[in-house]
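Chemist: One structure, as structure tokens, below. Some questions next.
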Amino acid sequence: MSNTPDIAPEDQPDILSRREVLKTVAAGLVLLLPLASATAKPTPEQWTAVGKSAEFVANTPKKVTLADGSVLYVTRQTAATVIAVSSKCTHKGCQVGWKPGETKFECPCHGAAFAATGKNLSGTMRHPQEILPNLPSLPTRLKDGSIEVDLAAVPVEKRRPNPE
Ligand code: FES
């Protein structure tokens, strides 16, 4: 025998279960997240001239040291196509260097290699088969005969001295 009186379902008070409350909160978050990201301030572009286009030898990465000590490599592939990559190795952050004879970037710390496009070619000397992330690339544009790089798109780390 039950002590609770029999109440018709339509007369029962509206009590949300814990699961229903969580579902409602989750649905609200799903609706609010796009709104929050839409109102976030976009990072302003920081187009920076890195040299006259004619100064860049085709398909040869040129080391560019910025005023704050940041280092990147800029490659003019064709008259209208330019790529720029960070010099920061994606293994542990040493500064890679361009090896003209081998046409690749090589990291002096542990031997990782990257193509001129920043694509990882090999891992470290100990783990050459390891696949590392590519060197971050930066947007580029040609303007009034100069090559410009948007430094806001991918932060270029300040130069970190490589261990001797
Ligand atoms: S930091 Fe470049 S291979 Fe380790």
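Labeling convention for the structure tokens: chains A, B, ... as they appear, residues from 1 per chain, ligands from 1 in order of appearance.
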Taking only C-alpha atoms and all ligand atoms into account, which residues are within 6 Å of ligand 1, as a VMD selection string?
Modeler: chain A and resid 89 91 to 94 107 109 to 112 124
Chemist: Those residues you just picked out, can you put them in a file as a short mmCIF file (atom, residue, chain, number, x, y, z; two decimals), in the first residue's frame with C-alpha atoms?
Modeler:
```cif
data_model
loop_
_atom_site.label_atom_id
_atom_site.label_comp_id
_atom_site.auth_asym_id
_atom_site.auth_seq_id
_atom_site.Cartn_x
_atom_site.Cartn_y
_atom_site.Cartn_z
CA CYS A 89 61.20 24.04 -35.64
CA HIS A 91 59.92 19.71 -32.63
CA LYS A 92 61.27 21.82 -29.78
CA GLY A 93 61.53 25.30 -31.22
CA CYS A 94 65.10 25.69 -32.43
CA CYS A 107 67.20 21.87 -37.70
CA CYS A 109 69.27 20.71 -32.70
CA HIS A 110 67.95 17.25 -33.54
CA GLY A 111 68.10 17.03 -37.32
CA ALA A 112 64.48 17.39 -38.43
CA THR A 124 64.68 13.84 -35.56
#
```
Chemist: Using only C-alpha atoms, which of the listed residues (A:Ile131, A:Pro44, A:Val149, A:Leu142) sits closest to Tyr73 in chain A?
Modeler: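 Nearest candidate to Tyr73 in chain A out of A:Ile131, A:Pro44, A:Val149, A:Leu142: A:Val149.
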Chemist: Which polymer residues have any atom within 10 Å of an atom of Pro136 in chain A, counting only C-alpha atoms, with same-chain residues fewer than 6 positions away left out, as number ranges by chain?
Modeler: A: 72, 84-90, 117-119, 153-156
Chemist: Would you mind exporting the chosen residues as a tab-separated table (two decimals), in the first residue's frame, restricted to C-alpha atoms?
Modeler:
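Result went into selection.tsv, see below:
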```tsv
chain	number	residue	atom	x	y	z
A	72	LEU	CA	61.10	33.71	-41.11
A	84	ALA	CA	56.53	32.51	-46.07
A	85	VAL	CA	57.20	30.10	-43.21
A	86	SER	CA	58.27	30.47	-39.63
A	87	SER	CA	61.83	29.37	-38.85
A	88	LYS	CA	60.76	27.80	-35.57
A	89	CYS	CA	61.20	24.04	-35.64
A	90	THR	CA	58.01	22.26	-34.69
A	117	THR	CA	57.03	25.02	-48.28
A	118	GLY	CA	57.42	24.12	-44.59
A	119	LYS	CA	56.26	20.54	-45.10
A	153	ALA	CA	48.08	35.33	-38.85
A	154	VAL	CA	50.70	33.11	-37.24
A	155	PRO	CA	52.85	34.47	-34.48
A	156	VAL	CA	56.48	34.19	-35.39
```
Chemist: To test your reading of the structure, identify every residue in range 91-136 of chain A that backbone DSSP assigns to strand (DSSP E), and report it as a list in words.
Modeler: Gly97, Trp98, Lys99, Lys104, Phe105, Glu106, Ala113, Phe114, Asn120, Leu121 and Ser122 of chain A
Chemist: Using only N, CA and C atoms, please write the residues we just selected to a file, as an mmCIF file, in the first residue's frame.
Modeler:
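File written: out_23.cif
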```
data_model
loop_
_atom_site.group_PDB
_atom_site.id
_atom_site.type_symbol
_atom_site.label_atom_id
_atom_site.label_comp_id
_atom_site.auth_asym_id
_atom_site.auth_seq_id
_atom_site.Cartn_x
_atom_site.Cartn_y
_atom_site.Cartn_z
ATOM 1 N N GLY A 97 67.561 26.133 -40.449
ATOM 2 C CA GLY A 97 68.351 26.867 -41.436
ATOM 3 C C GLY A 97 68.176 26.224 -42.808
ATOM 4 N N TRP A 98 68.262 27.050 -43.853
ATOM 5 C CA TRP A 98 68.099 26.557 -45.220
ATOM 6 C C TRP A 98 69.408 25.948 -45.700
ATOM 7 N N LYS A 99 69.355 24.763 -46.245
ATOM 8 C CA LYS A 99 70.519 24.073 -46.812
ATOM 9 C C LYS A 99 70.389 24.131 -48.330
ATOM 10 N N LYS A 104 66.509 22.008 -48.593
ATOM 11 C CA LYS A 104 65.589 21.736 -47.481
ATOM 12 C C LYS A 104 66.041 22.553 -46.277
ATOM 13 N N PHE A 105 65.098 22.729 -45.355
ATOM 14 C CA PHE A 105 65.439 23.319 -44.065
ATOM 15 C C PHE A 105 65.894 22.177 -43.169
ATOM 16 N N GLU A 106 66.923 22.459 -42.388
ATOM 17 C CA GLU A 106 67.381 21.445 -41.438
ATOM 18 C C GLU A 106 67.502 22.097 -40.067
ATOM 19 N N ALA A 113 63.949 17.757 -40.761
ATOM 20 C CA ALA A 113 64.063 18.419 -42.067
ATOM 21 C C ALA A 113 62.679 18.823 -42.577
ATOM 22 N N PHE A 114 62.662 19.954 -43.301
ATOM 23 C CA PHE A 114 61.422 20.500 -43.838
ATOM 24 C C PHE A 114 61.664 20.989 -45.264
ATOM 25 N N ASN A 120 56.972 18.983 -43.412
ATOM 26 C CA ASN A 120 57.943 18.145 -42.718
ATOM 27 C C ASN A 120 58.392 16.997 -43.611
ATOM 28 N N LEU A 121 59.708 16.827 -43.715
ATOM 29 C CA LEU A 121 60.271 15.758 -44.547
ATOM 30 C C LEU A 121 60.736 14.584 -43.707
ATOM 31 N N SER A 122 61.267 14.881 -42.522
ATOM 32 C CA SER A 122 61.714 13.795 -41.651
ATOM 33 C C SER A 122 61.740 14.282 -40.213
#
```
Chemist: Which residue gives the smallest distance to Val50 in chain A among A:Arg141, A:Arg126, A:Lys23, A:Arg18, with only C-alpha atoms counted?
Modeler: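 Selected residue with least distance to Val50 in chain A: A:Arg141.
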Chemist: As JSON, numbers by chain, which residues of range 47-158 of chain A does DSSP assign to helix (DSSP H, G or I)?
Modeler: {"A": [53, 54, 55, 100, 101, 102]}
Chemist: Let me see the file: selected residues, C-alpha atoms, as a short mmCIF file (atom, residue, chain, number, x, y, z; two decimals), in the first residue's frame.
Modeler:
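Output file selection.cif is given in full below:
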```cif
data_model
loop_
_atom_site.label_atom_id
_atom_site.label_comp_id
_atom_site.auth_asym_id
_atom_site.auth_seq_id
_atom_site.Cartn_x
_atom_site.Cartn_y
_atom_site.Cartn_z
CA SER A 53 60.11 41.11 -55.04
CA ALA A 54 63.07 41.46 -57.42
CA GLU A 55 65.46 40.84 -54.50
CA PRO A 100 70.82 25.28 -50.42
CA GLY A 101 72.70 22.20 -51.63
CA GLU A 102 70.07 19.89 -50.20
#
```
Chemist: So, with only C-alpha atoms as the atoms that count, which of A:Val64, A:Ala116, A:Leu135, A:Ala58 lies closest to Thr81 in chain A?
Modeler: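 The shortest atom-to-atom distance to Thr81 in chain A comes from A:Ala58.
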Chemist: Which of these, A:Ala49, A:Ile83, A:Leu151, A:Val71, has the shortest distance to Ala115 in chain A once you count only C-alpha atoms?
Modeler: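 The shortest atom-to-atom distance to Ala115 in chain A comes from A:Ile83.
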